[in-house]
Amino acid sequence: MWWSKSEGVLCKSGWVMLVSAALLGGCGGGGESASSTPGGAGSSNLQSVSATPGNDAEANRFLTQATFGPTAAEVARVKAIGYERWIDEQLAAPLQNSHLATVEASSASLGTDQPRIDDVVYSWWTHAVADPAQLRQRVAFALSEIYVVSATNAELEIDGRMVASYMDMLTQKIDGNYRDLLEGVALHPAMGAFLSHRSSRREDPGTGRIADENFAREVMQLFSIGLYELNDDGTQKLLNGLPQETYNGDDVKGLAKVFTGWGWYLPPAKASVIWWHCFYRYELCQDSSQSITAMSPYTQEHSYSEKRFLGVTVPFQSTPNPQASLKAALDRLASHPNTAPFFAKQLIQRMVTSNPSPSYVQRVSAAFRASNGNIRATVKAVLLDTEARDMALRESAGFGKLREPLVRITHLLRALPHTSDTYSAARTGNRVPFYLASSTDDTVLGLGQTPMRAPSVFNFFRPGYKPPQTDLADQGLVAPEMQITSETSVLGYANYVAQMLEDGLGQYNYNTQRSDIRFDLSSFDALVDKPTADAPQQLITAVAQKILGGPPASELNALMLTGVGKMPNTTLADKRRRIKAAILMVAVSPQFIVQQ
C-alpha cells in the first residue's frame, strides 16, 4: 500500500475523537453547553439568508445537503438561478431511468436468470452518481432509510425487481403527500415480505391464531408517529416529568387486523383462479407483475371484527372491507399530531443536521401541515430554512452531521473524473447503462454498508443514537451515523478509499484485468511539484477545491503539505502517488467526513 498510518494520514481512535469534536464545534471548540447549540438558540440570532448563494462555498454546502455530491456544473447552476428555482427544477426533472429498468438491463446484460440484490446495488450506485435528478434521488435515499426494507431478507435477496420497484415507488411518491407515501409503503410487496403482513390471515379464536402484528407495530413506531407524544417542535410532551407513549399493545392488535387480507397482486388474467392460489402466489397464479405491483385486498382473509386503534374504531364488518379498514388506519396515522414533527425531524437529520433546533423542526412541521403533508413542500422547507442556509452555523456547537460511508464515496465519485467500462459499453450500445459496483458490507475491507441491505428495519443506525462515553452524549446530542463507526470501520473506510484510488472499485473483470470503475487523475499531474516539490500547495489547493469546494482547514493543509511534500517525485508513478495521497488525506479528514 502506498500510504501508511505513520505518515499521519490516519489515527484510528484519534479520528473518532476528531469527528466528535467537529460535530460539537465545527472548527472551534466543543466547550459550549447543549443549550447554546442550534437546538437551544431558536432563530433569534440567525442571520437572514439570501435566495441565491453568495459564493461557491455557500453553493457547495447547499449541494452537499441536497445531492450525492456537488459538481462544478451544479454549483454554477444553483448560483445562477437560486436555491428555490434549483429545487423546483430538480424535482421536475425526468429520471434518467427507473431502478426497475436498470436491474432488468443489468441482469440481461450479464446473462443471469433474474435480477437479484447485486443488480439492485448496480442500480443504486448508478442513480446516486450519474442521474441528473440528484435531489429526487437524494430524497428517495433518505426515505429508504426511514421506510426500510432490506435485502437481508431471503425473499428480497433473490428478487431484485421487487426491491427496485420499491425504490422506484419511493422516488415517485416524492410528487405526492405523506398519506400517499404511507399507502405506497404499506401495500408494496417488498414491505409485505420484509415485515410479514403480506398474506396475513384474519384472527381465528378457535385455533388461537392472531393477526400478524409486525407491520402494525413498525408502521407506528418507525414510519409515522414514534414511541412518545411530541410537540410540534419535536420535543417530547411530558406529564409529571415523564414522556407519554403514543400507542399501546391494544392499538397494535387493532391495527394488525387492518392489514389482514392483503395478499399478492391479483392480475386480471388470473381472475378466474381460485382466490387462495393468488393470495399466496401459488403456481396457478404467478405473474411477473406481482413483484412490482401493490398488494390486492382479499375479503376472504380480512378480519370481520371491530378494530380499535389510536382513538379510531372501525366497526364490525358483516362483509369484510379491507379497503375501508386501510383507509381509516392510514388517514389516522397521516393526521396524527405526532406525524408532522416525527417526519420533519427525521428528514432534517437525513439531509442537514443531526441535532436541529426545536424551532427548525417546528418550521418544517408547519410547512408539512400547511401543505397537507406534501413531500416536495416539506423538502423545500428543510433545505431553505434559515438554519440550513446560515453559513455562520458551521461554527456552532452541535450543528452538522457525520456523513455515512455510502454518501462519502458517491461524493468522491461525483467530484473526481472516472470511467466505468460497463456503463460506457451500455451507452455505446444504446442500452440502459449501469455501474458494475460491488457489495460493500465488509467493515474491514469495505464500507460496512451496502445500499438496501440494512441489518434490520431500524436501518443501519437509529435517529436517536448517542455514542457512549463521548462529549456528544454528555451534552445530550445525537450522532446517528456514529452507530456504524468504530476503530475497525474507520480503518476499513480509509483502506477502501486508498484501494479504490489505486485499483478502482466495482467488480473486477478478468478479461480486461481491471476493476469496472477507475479514476482519471491526470488533471492533477502538472501540480504535484508546484510551486515546489517540498511544498506542493497548488496540488493541495486543487484537490481540496475538487472535493471540499474550497480550501482545506489550516491544520489539514499543513498536514497535507508535510505528508505529500516528503513523498518521492521522480517518476509518473511517484507523481500519481502524491495525488492519491492528497485525495486520501482529504477523504479521511473531519472537514470531509462531517457535513456542516
# chains A, B, ... in the order shown; residues from 1 in each chain; ligands from 1
$ select_by_dssp --residues "segment 270-439 of chain A" --states "helix (DSSP H, G or I)" --output "ChimeraX atom specification"
/A:270,275-279,283-285,288-291,299-301,322-335,339-351,358-370,375-384,386-389,391-395,405-415,421-428
$ residues_around --residues "Asp180 of chain A" --least-positions-apart "4" --cutoff "12 Å" --atoms "only C-alpha atoms" --output "list in words"
Met169, Leu170, Gln172, Lys173, Ile174, Asp175, Gly176, Gly184, Val185, Ala186, Leu187, Lys327, Leu330, Asp331, Leu333, Ala334, Asn372, Gly373, Asn374 and Ile375 of chain A
$ select_by_dssp --residues "segment 188-381 of chain A" --states "strand (DSSP E)" --output "VMD selection string"
chain A and resid 238 to 239 242 to 243 262 to 263 296 to 297 307 to 309 312 to 314
$ residues_around --residues "Ala105 of chain A" --least-positions-apart "6" --cutoff "10 Å" --atoms "only C-alpha atoms" --output "PyMOL selection string"
chain A and resi 99+111+115+119+123+426+431-434
$ write_last_selection --atoms "N, CA and C atoms" --output "PDB file, in the first residue's frame"
ATOM      1  N   HIS A  99     -35.188   2.398 -11.536  1.00  0.00           N
ATOM      2  CA  HIS A  99     -34.404   1.307 -10.945  1.00  0.00           C
ATOM      3  C   HIS A  99     -34.823  -0.028 -11.561  1.00  0.00           C
ATOM      4  N   GLY A 111     -26.470 -11.936 -18.255  1.00  0.00           N
ATOM      5  CA  GLY A 111     -26.928 -13.290 -18.539  1.00  0.00           C
ATOM      6  C   GLY A 111     -27.409 -14.070 -17.347  1.00  0.00           C
ATOM      7  N   PRO A 115     -33.085 -10.589 -12.058  1.00  0.00           N
ATOM      8  CA  PRO A 115     -32.371  -9.608 -11.235  1.00  0.00           C
ATOM      9  C   PRO A 115     -32.360 -10.032  -9.770  1.00  0.00           C
ATOM     10  N   ASP A 119     -27.884  -6.733  -8.682  1.00  0.00           N
ATOM     11  CA  ASP A 119     -28.401  -5.785  -9.679  1.00  0.00           C
ATOM     12  C   ASP A 119     -28.953  -4.527  -9.010  1.00  0.00           C
ATOM     13  N   SER A 123     -27.734  -0.649  -9.621  1.00  0.00           N
ATOM     14  CA  SER A 123     -28.681   0.429  -9.921  1.00  0.00           C
ATOM     15  C   SER A 123     -28.558   1.580  -8.935  1.00  0.00           C
ATOM     16  N   ALA A 426     -22.616   0.112 -22.308  1.00  0.00           N
ATOM     17  CA  ALA A 426     -24.072   0.169 -22.424  1.00  0.00           C
ATOM     18  C   ALA A 426     -24.505   1.434 -23.160  1.00  0.00           C
ATOM     19  N   ARG A 431     -28.038   1.019 -24.687  1.00  0.00           N
ATOM     20  CA  ARG A 431     -28.754   0.245 -23.684  1.00  0.00           C
ATOM     21  C   ARG A 431     -28.796   1.029 -22.371  1.00  0.00           C
ATOM     22  N   VAL A 432     -29.624   0.570 -21.436  1.00  0.00           N
ATOM     23  CA  VAL A 432     -29.688   1.212 -20.122  1.00  0.00           C
ATOM     24  C   VAL A 432     -28.338   1.008 -19.435  1.00  0.00           C
ATOM     25  N   PRO A 433     -27.653   2.086 -19.062  1.00  0.00           N
ATOM     26  CA  PRO A 433     -26.303   1.950 -18.501  1.00  0.00           C
ATOM     27  C   PRO A 433     -26.328   1.645 -17.002  1.00  0.00           C
ATOM     28  N   PHE A 434     -25.252   1.047 -16.528  1.00  0.00           N
ATOM     29  CA  PHE A 434     -25.135   0.793 -15.098  1.00  0.00           C
ATOM     30  C   PHE A 434     -23.673   0.623 -14.736  1.00  0.00           C
TER      31      PHE A 434
END
$ closest_residue --among "A:Val120, A:Pro356, A:Leu561, A:Thr488" --to "Ser150 of chain A" --atoms "only C-alpha atoms"
A:Val120
$ atom_distance --atom1 "atom CA of Arg576 of chain A" --atom2 "atom CA of Gln545 of chain A"
18.0 Å
$ residues_around --residues "Leu239 of chain A" --least-positions-apart "3" --cutoff "12 Å" --atoms "only C-alpha atoms" --output "number ranges by chain"
A: 228-230, 236, 242-245
$ write_last_selection --atoms "N, CA, C and O atoms" --output "short mmCIF file (atom, residue, chain, number, x, y, z; two decimals), in the first residue's frame"
data_model
loop_
_atom_site.label_atom_id
_atom_site.label_comp_id
_atom_site.auth_asym_id
_atom_site.auth_seq_id
_atom_site.Cartn_x
_atom_site.Cartn_y
_atom_site.Cartn_z
N TYR A 228 -43.28 8.21 21.48
CA TYR A 228 -43.74 9.14 22.51
C TYR A 228 -44.40 10.37 21.88
O TYR A 228 -44.03 10.81 20.78
N GLU A 229 -45.36 10.93 22.60
CA GLU A 229 -46.07 12.11 22.11
C GLU A 229 -45.11 13.28 21.99
O GLU A 229 -44.26 13.51 22.86
N LEU A 230 -45.28 14.03 20.90
CA LEU A 230 -44.36 15.12 20.59
C LEU A 230 -45.08 16.46 20.49
O LEU A 230 -46.24 16.52 20.08
N GLN A 236 -40.42 16.13 23.36
CA GLN A 236 -41.41 15.25 23.95
C GLN A 236 -42.38 16.01 24.84
O GLN A 236 -41.98 16.92 25.58
N LEU A 242 -42.54 12.92 32.81
CA LEU A 242 -42.33 11.67 32.08
C LEU A 242 -42.93 11.73 30.68
O LEU A 242 -44.00 12.34 30.48
N PRO A 243 -42.28 11.12 29.69
CA PRO A 243 -42.84 11.07 28.34
C PRO A 243 -44.08 10.20 28.30
O PRO A 243 -44.23 9.26 29.09
N GLN A 244 -44.97 10.50 27.34
CA GLN A 244 -46.23 9.78 27.21
C GLN A 244 -46.21 8.91 25.95
O GLN A 244 -45.91 9.40 24.86
N GLU A 245 -46.51 7.64 26.11
CA GLU A 245 -46.49 6.74 24.97
C GLU A 245 -47.60 7.07 23.98
O GLU A 245 -48.70 7.45 24.38
#
$ atom_distance --atom1 "atom CA of Ala294 of chain A" --atom2 "atom CA of Trp264 of chain A"
7.8 Å
$ decode --residues "segment 174-196 of chain A" --atoms "N, CA, C and O atoms" --output "short mmCIF file (atom, residue, chain, number, x, y, z; two decimals), in the first residue's frame"
data_model
loop_
_atom_site.label_atom_id
_atom_site.label_comp_id
_atom_site.auth_asym_id
_atom_site.auth_seq_id
_atom_site.Cartn_x
_atom_site.Cartn_y
_atom_site.Cartn_z
N ILE A 174 -42.44 11.10 -3.99
CA ILE A 174 -41.99 12.45 -3.66
C ILE A 174 -42.90 13.49 -4.29
O ILE A 174 -43.02 14.61 -3.78
N ASP A 175 -43.60 13.12 -5.35
CA ASP A 175 -44.52 14.05 -6.02
C ASP A 175 -45.87 14.15 -5.32
O ASP A 175 -46.68 15.01 -5.67
N GLY A 176 -46.12 13.29 -4.34
CA GLY A 176 -47.41 13.31 -3.66
C GLY A 176 -47.28 13.81 -2.22
O GLY A 176 -46.37 14.56 -1.88
N ASN A 177 -48.22 13.36 -1.38
CA ASN A 177 -48.15 13.76 0.02
C ASN A 177 -47.81 12.55 0.90
O ASN A 177 -47.70 11.42 0.42
N TYR A 178 -47.66 12.84 2.18
CA TYR A 178 -47.25 11.80 3.12
C TYR A 178 -48.24 10.65 3.15
O TYR A 178 -47.84 9.47 3.23
N ARG A 179 -49.52 10.96 3.07
CA ARG A 179 -50.55 9.91 3.09
C ARG A 179 -50.38 8.97 1.90
O ARG A 179 -50.49 7.73 2.03
N ASP A 180 -50.09 9.51 0.71
CA ASP A 180 -49.84 8.68 -0.47
C ASP A 180 -48.60 7.81 -0.26
O ASP A 180 -48.59 6.63 -0.62
N LEU A 181 -47.56 8.42 0.29
CA LEU A 181 -46.32 7.69 0.55
C LEU A 181 -46.57 6.53 1.50
O LEU A 181 -46.10 5.40 1.26
N LEU A 182 -47.30 6.78 2.57
CA LEU A 182 -47.55 5.73 3.57
C LEU A 182 -48.33 4.58 2.96
O LEU A 182 -48.06 3.41 3.26
N GLU A 183 -49.27 4.88 2.10
CA GLU A 183 -50.03 3.80 1.45
C GLU A 183 -49.13 3.02 0.49
O GLU A 183 -49.22 1.79 0.42
N GLY A 184 -48.27 3.74 -0.25
CA GLY A 184 -47.35 3.04 -1.14
C GLY A 184 -46.44 2.10 -0.37
O GLY A 184 -46.16 0.97 -0.82
N VAL A 185 -45.97 2.54 0.78
CA VAL A 185 -45.11 1.71 1.62
C VAL A 185 -45.88 0.50 2.15
O VAL A 185 -45.41 -0.64 2.10
N ALA A 186 -47.07 0.75 2.66
CA ALA A 186 -47.86 -0.31 3.30
C ALA A 186 -48.24 -1.43 2.34
O ALA A 186 -48.29 -2.60 2.73
N LEU A 187 -48.52 -1.07 1.09
CA LEU A 187 -49.04 -2.06 0.14
C LEU A 187 -48.00 -2.61 -0.81
O LEU A 187 -48.32 -3.45 -1.65
N HIS A 188 -46.77 -2.16 -0.69
CA HIS A 188 -45.78 -2.70 -1.62
C HIS A 188 -45.39 -4.12 -1.21
O HIS A 188 -45.20 -4.40 -0.04
N PRO A 189 -45.29 -5.03 -2.19
CA PRO A 189 -44.98 -6.42 -1.83
C PRO A 189 -43.62 -6.58 -1.14
O PRO A 189 -43.43 -7.53 -0.37
N ALA A 190 -42.69 -5.66 -1.40
CA ALA A 190 -41.39 -5.76 -0.71
C ALA A 190 -41.56 -5.51 0.78
O ALA A 190 -40.97 -6.23 1.60
N MET A 191 -42.34 -4.51 1.15
CA MET A 191 -42.60 -4.27 2.57
C MET A 191 -43.43 -5.41 3.14
O MET A 191 -43.24 -5.83 4.29
N GLY A 192 -44.37 -5.91 2.35
CA GLY A 192 -45.17 -7.05 2.80
C GLY A 192 -44.33 -8.26 3.12
O GLY A 192 -44.62 -9.01 4.06
N ALA A 193 -43.27 -8.46 2.33
CA ALA A 193 -42.35 -9.57 2.59
C ALA A 193 -41.47 -9.28 3.80
O ALA A 193 -41.28 -10.13 4.67
N PHE A 194 -40.95 -8.05 3.87
CA PHE A 194 -39.98 -7.72 4.90
C PHE A 194 -40.61 -7.69 6.29
O PHE A 194 -40.02 -8.18 7.25
N LEU A 195 -41.81 -7.12 6.41
CA LEU A 195 -42.47 -7.05 7.71
C LEU A 195 -43.66 -7.98 7.83
O LEU A 195 -44.52 -7.82 8.70
N SER A 196 -43.74 -8.95 6.94
CA SER A 196 -44.56 -10.17 7.06
C SER A 196 -46.06 -9.97 7.09
O SER A 196 -46.79 -10.87 7.50
#
